[in-house]
Amino acid sequence: MSHPSGSISTPTDQPKISSLARRIHGWSWQAFPIGMGTGAVYVTLSGLKSRSPALVTLEAIFYFINLILFSLNCSTLLIQAIVYPRQAWRLIKDPVKGIFVPLVVLSFATIIIGTINYAVPPGYVSVNFIYGLFWVYVTLAVVVCFPMLMIWFNSPHDLTTFTPAWAFLMLVGVVAFNVLKVVPASDPRSIGVLLTGYVFQGLGFFMTFFYICIYIIRIMITGFMDGHQANGAFVACGPPGFTALALINLGKNAREIFPHHGLVTPEAGDVCFASSVMAGLLLFGLAVFLFVFGVLPYWFKVHKHLGEILGCWALTFPNVGWISTIRVLGDIFNLKGFFIWHLVMTIIMCTVWVVLFSLTLLAFWKGKIFYARDEDVLKDLGNATLVDDDEAKSFDGGDEEKKGAGAVVRRYSGEYEDVERAGSSLRRF
C-alpha cells in the first residue's frame with residue numbers, strides 16, 4: 001500500500017479529523033487577550049464621571065461576556081492538555097506563544113475587578129469571598145509567572161526581535177486597591193492587602209521597566225517594530241500606566257488605613273498619598289508618551305492580515321491603566337478637561353472592541369485562528385503514522401520501522417516517538 005510523500009496515514013484508513021478536534025488542538029494562550037480586552041471595556045466604562053443604570057447594566061453584560069470567555073479558554077486548554085499533551089507542552093515552551101501563558105493571571109484580575117464592581121454591591125458576593133480571591137490571585141500570579149520566567153530565561157533571546165509583549169506583567173497593586181473598595185479601613189486585613197499591593201506592584205513595574213529600556217534599545221537598532229510586533233508597542237504603555245493608577249489609589253487608601261491603625265506616624269498616610277500622586281504623574285506622562293510612540297507609526301507598520309488579528313487585542317487592555325488614571329487625576333486636581341479626555345478615550349476603547357471582536361469572529365469562522373491542520377492533529381495522536389517518503393509503503397499491524405529518509409510518528413509500548421529527518425540526527429520526545 002503506497003502513500004504520497006508527506007501524507008498522513010494509519011495502519012488502516014486515514015481517520016477524518018473533526019472540526020472540534022482541530023479547534024481544540026489549535027487553541028492557544030493567545031485567546032486570553034480577547035477576554036482582557038472585554039474587561040478593558042467595563043473597567044473604563046466604570047470610571048466615567050456620570051453613570052446611568054443603563055450604563056451599569058451594559059458594564060455587567062461585558063463582565064459576563066468576559067466570564068464566558070475566561071471559562072471557555074480555561075476549559076479548552078485543559079482539554080487540550082489531556083487529549084494533546086505534547087501540543088500543550090509545545091505551546092508553553094514556544095518562544096512566541098509561551099509568553100501569553102501569564103495572561104491567564106491578568107485575565108483573572110479583570111474577573112476579580114468585575115466581581116467587586118457588579119457582584120458585591122447587590123450582595124451576591126461577600127467581602128470575605130473577595131478577600132479570599134485576592135490571595136488566590138497573588139498565589140496564582142507567583143505560581144504562574146515565576147516558573148514561566150525560569151523557562152523563558154533558560155534560552156537566549158535576540159534583542160533585535162525583542163517586543164514589550166515579552167514582559168511578564170503583575171497587576172497585584174491594581175487588584176489590591178479594588179479590593180480595598182470593599183474591605184473597610186478599620187479592618188486589620190486592609191493592612192495586608194495594602195502592603196502586598198505596594199510590594200508586588202513595585203516588583204512588577206521595575207522588572208517591566210527594564211524591559212521598556214530594552215525596547216527603546218531595540219528600536220534604536222532596528223527602527224519601529226513592524227508586522228505583528230507593531231501591536232506589542234502598546235504593551236509598553238501598560239506598566240507605567242497601571243503603576244500610576246495603582247500608586248495613586250493605594251496612596252489614597254493609605255491615607256485612611258495608616259492613621260486608623262496608628263502606623264508609622266500620624267502624617268504617614270498624607271505623605272504617602274502626596275508622594276504617590278507625584279510619582280503617578282511622572283509615570284502617567286511616560287505611559288502617554290509610549291502610547292503616542294506606538295500609535296503614530298502603527299498603521300504603516302502593522303500587517304493587515306486576518307490571521308494576525310489576535311495580536312491586535314494589545315490595542316485594548318494595556319491602555320486601560322493610563323486611561324483610568326486620567327479620571328483619577330481629574331478628581332484630584334478638579335480638571336474638567338480630564339473628564340472629557342477620559343470620556344473620549346472610553347468611546348474609542350469601546351469602538352476598538354467592537355471592531356476587533358467582529359474581526360476575531362470572522363477570523364474564527366474562516367478558520368484563520370484556533371484551527372489546526374489535519375496533519376498537526378494526527379501527529380499528536382498516539383495511533384497516527386506519518387509517512388514522509390515513498391519507501392515506507394506497508395504496515396504489518398505491529399511495530400513500524402523507519403525506512404529510507406522518511407519520518408515516522410509512532411506509538412510503541414505506550415510511549416510516543418517523533419522521529420524526524422535532520423541530517424543524521426534523531427529527535428526523541
# chains A, B, ... in the order shown; residues from 1 in each chain; ligands from 1

$ residues_around --residues "A:Gly39" --least-positions-apart "3" --cutoff "9 Å" --atoms "only C-alpha atoms" --output "list in words"
Ile34, Gly35, Met36, Tyr42, Val43, Thr44, Phe62, Tyr63, Ile65, Asn66, Ser107, Thr110, Ile111, Ile113, Gly114 and Phe317 of chain A

$ select_by_dssp --residues "stretch 192-326 of chain A" --states "alpha helix (DSSP H)" --output "PyMOL selection string"
chain A and resi 192-222+238-261+268-295+298-301+320-326

$ write_last_selection --atoms "C-alpha atoms" --output "compact mmCIF listing (two decimals), in the first residue's frame"
# COMPACT_ATOMS: atom_id res chain seq x y z
CA GLY A 192 -2.03 43.21 54.48
CA VAL A 193 -3.84 43.98 51.23
CA LEU A 194 -2.33 47.47 51.06
CA LEU A 195 1.26 46.41 51.73
CA THR A 196 1.04 43.41 49.41
CA GLY A 197 -0.28 45.68 46.68
CA TYR A 198 2.66 48.05 47.09
CA VAL A 199 5.28 45.28 47.15
CA PHE A 200 4.07 43.36 44.11
CA GLN A 201 3.25 46.46 42.08
CA GLY A 202 6.78 47.68 42.69
CA LEU A 203 8.20 44.30 41.72
CA GLY A 204 6.15 44.14 38.55
CA PHE A 205 6.84 47.71 37.49
CA PHE A 206 10.60 47.72 37.97
CA MET A 207 11.02 44.41 36.16
CA THR A 208 8.91 45.63 33.24
CA PHE A 209 10.72 48.99 33.31
CA PHE A 210 13.90 47.10 32.48
CA TYR A 211 12.03 45.59 29.54
CA ILE A 212 10.97 49.06 28.39
CA CYS A 213 14.63 50.11 28.37
CA ILE A 214 15.45 47.11 26.20
CA TYR A 215 12.52 48.06 23.94
CA ILE A 216 13.99 51.54 23.37
CA ILE A 217 17.39 49.98 22.60
CA ARG A 218 15.74 47.56 20.15
CA ILE A 219 14.00 50.27 18.13
CA MET A 220 17.22 52.27 18.10
CA ILE A 221 18.84 49.28 16.38
CA THR A 222 16.05 48.14 14.04
CA GLY A 238 0.79 49.05 30.48
CA PRO A 239 3.46 49.04 33.23
CA PRO A 240 3.74 52.82 33.78
CA GLY A 241 0.00 53.36 33.25
CA PHE A 242 -1.19 50.67 35.65
CA THR A 243 1.51 51.56 38.19
CA ALA A 244 0.43 55.20 38.16
CA LEU A 245 -3.17 54.12 38.71
CA ALA A 246 -2.19 51.69 41.48
CA LEU A 247 0.11 54.10 43.34
CA ILE A 248 -2.42 56.93 43.45
CA ASN A 249 -5.26 54.69 44.60
CA LEU A 250 -3.11 52.79 47.11
CA GLY A 251 -1.88 56.14 48.47
CA LYS A 252 -5.49 57.27 48.83
CA ASN A 253 -6.23 54.16 50.88
CA ALA A 254 -3.03 54.53 52.90
CA ARG A 255 -4.22 58.00 53.99
CA GLU A 256 -7.10 56.27 55.76
CA ILE A 257 -5.54 52.97 56.83
CA PHE A 258 -2.28 54.25 58.37
CA PRO A 259 -3.83 56.75 60.83
CA HIS A 260 -6.67 54.40 61.72
CA HIS A 261 -4.22 51.73 62.90
CA ALA A 268 2.40 58.99 57.16
CA GLY A 269 -0.84 58.48 55.25
CA ASP A 270 -0.89 62.02 53.84
CA VAL A 271 2.79 61.85 52.94
CA CYS A 272 2.24 58.51 51.22
CA PHE A 273 -0.69 59.88 49.22
CA ALA A 274 1.14 63.05 48.19
CA SER A 275 4.22 61.13 47.05
CA SER A 276 2.02 58.64 45.22
CA VAL A 277 0.33 61.43 43.29
CA MET A 278 3.69 62.89 42.29
CA ALA A 279 5.04 59.50 41.20
CA GLY A 280 1.77 58.76 39.43
CA LEU A 281 2.02 61.98 37.41
CA LEU A 282 5.54 61.08 36.27
CA LEU A 283 4.53 57.57 35.23
CA PHE A 284 1.35 58.84 33.58
CA GLY A 285 3.43 61.08 31.35
CA LEU A 286 5.65 58.14 30.37
CA ALA A 287 2.64 55.98 29.57
CA VAL A 288 1.06 58.64 27.34
CA PHE A 289 4.37 59.14 25.53
CA LEU A 290 4.74 55.41 24.89
CA PHE A 291 1.17 55.31 23.58
CA VAL A 292 1.84 58.12 21.10
CA PHE A 293 5.17 56.49 20.26
CA GLY A 294 3.32 53.31 19.32
CA VAL A 295 0.26 54.76 17.60
CA TYR A 298 1.19 51.78 13.72
CA TRP A 299 -0.94 51.86 10.56
CA PHE A 300 2.12 51.86 8.31
CA LYS A 301 3.88 49.04 10.14
CA VAL A 320 -6.61 50.85 30.46
CA GLY A 321 -4.08 51.93 33.10
CA TRP A 322 -3.28 55.40 31.82
CA ILE A 323 -6.84 55.99 30.57
CA SER A 324 -8.23 55.26 34.04
CA THR A 325 -5.53 57.46 35.56
CA ILE A 326 -6.93 60.37 33.55

$ closest_residue --among "A:Leu169, A:Gly330, A:Ile82, A:Trp313" --to "A:Val105" --atoms "only C-alpha atoms"
A:Leu169

$ closest_residue --among "A:Gln229, A:Ser75, A:Thr38, A:Ser18" --to "A:Thr316" --atoms "only C-alpha atoms"
A:Thr38

$ atom_distance --atom1 "atom CA of A:Asn334" --atom2 "atom CA of A:Phe177"
21.3 Å

$ residues_around --residues "stretch 344-350 of chain A" --least-positions-apart "2" --cutoff "7 Å" --atoms "only C-alpha atoms" --output "ChimeraX atom specification"
/A:41,44-45,316,323,340-342,352-354

$ atom_distance --atom1 "atom CA of A:Asp187" --atom2 "atom CA of A:Val328"
24.6 Å

$ residues_around --residues "A:Pro164" --least-positions-apart "2" --cutoff "6 Å" --atoms "only C-alpha atoms" --output "list in words"
Trp166, Ala167, Gly232, Val235 and Ala236 of chain A

$ atom_distance --atom1 "atom CA of A:Val136" --atom2 "atom CA of A:Lys97"
25.0 Å

$ residues_around --residues "A:Val175" --least-positions-apart "4" --cutoff "7 Å" --atoms "only C-alpha atoms" --output "mmCIF file with all heavy atoms, in the first residue's frame"
data_model
loop_
_atom_site.group_PDB
_atom_site.id
_atom_site.type_symbol
_atom_site.label_atom_id
_atom_site.label_comp_id
_atom_site.auth_asym_id
_atom_site.auth_seq_id
_atom_site.Cartn_x
_atom_site.Cartn_y
_atom_site.Cartn_z
ATOM 1 N N ALA A 109 -7.508 38.788 36.839
ATOM 2 C CA ALA A 109 -7.575 40.070 37.537
ATOM 3 C C ALA A 109 -8.792 40.866 37.086
ATOM 4 O O ALA A 109 -9.484 41.492 37.910
ATOM 5 C CB ALA A 109 -6.301 40.871 37.297
ATOM 6 N N ILE A 113 -11.942 42.268 39.425
ATOM 7 C CA ILE A 113 -12.390 43.659 39.418
ATOM 8 C C ILE A 113 -13.874 43.743 39.060
ATOM 9 O O ILE A 113 -14.642 44.497 39.675
ATOM 10 C CB ILE A 113 -11.538 44.484 38.430
ATOM 11 C CG1 ILE A 113 -10.089 44.557 38.911
ATOM 12 C CG2 ILE A 113 -12.118 45.887 38.270
ATOM 13 C CD1 ILE A 113 -9.135 45.183 37.916
ATOM 14 N N LEU A 171 -0.484 42.575 38.143
ATOM 15 C CA LEU A 171 -1.366 43.680 38.499
ATOM 16 C C LEU A 171 -1.887 43.545 39.927
ATOM 17 O O LEU A 171 -3.041 43.867 40.213
ATOM 18 C CB LEU A 171 -2.545 43.749 37.525
ATOM 19 C CG LEU A 171 -2.189 44.012 36.060
ATOM 20 C CD1 LEU A 171 -3.454 44.054 35.216
ATOM 21 C CD2 LEU A 171 -1.424 45.316 35.915
ATOM 22 N N VAL A 179 -9.857 45.766 45.814
ATOM 23 C CA VAL A 179 -10.306 45.001 46.983
ATOM 24 C C VAL A 179 -10.545 45.933 48.162
ATOM 25 O O VAL A 179 -11.493 45.758 48.940
ATOM 26 C CB VAL A 179 -9.267 43.913 47.338
ATOM 27 C CG1 VAL A 179 -9.606 43.255 48.683
ATOM 28 C CG2 VAL A 179 -9.199 42.859 46.241
#

$ residues_around --residues "stretch 146-151 of chain A" --least-positions-apart "6" --cutoff "9 Å" --atoms "only C-alpha atoms" --output "number ranges by chain"
A: 92-93, 98-99, 101-102, 168

$ closest_residue --among "A:Phe153, A:Leu159, A:Phe134, A:Cys312" --to "A:Gly173" --atoms "only C-alpha atoms"
A:Phe134

$ closest_residue --among "A:Tyr118, A:Tyr84, A:Tyr371, A:Trp135" --to "A:Leu58" --atoms "only C-alpha atoms"
A:Tyr118
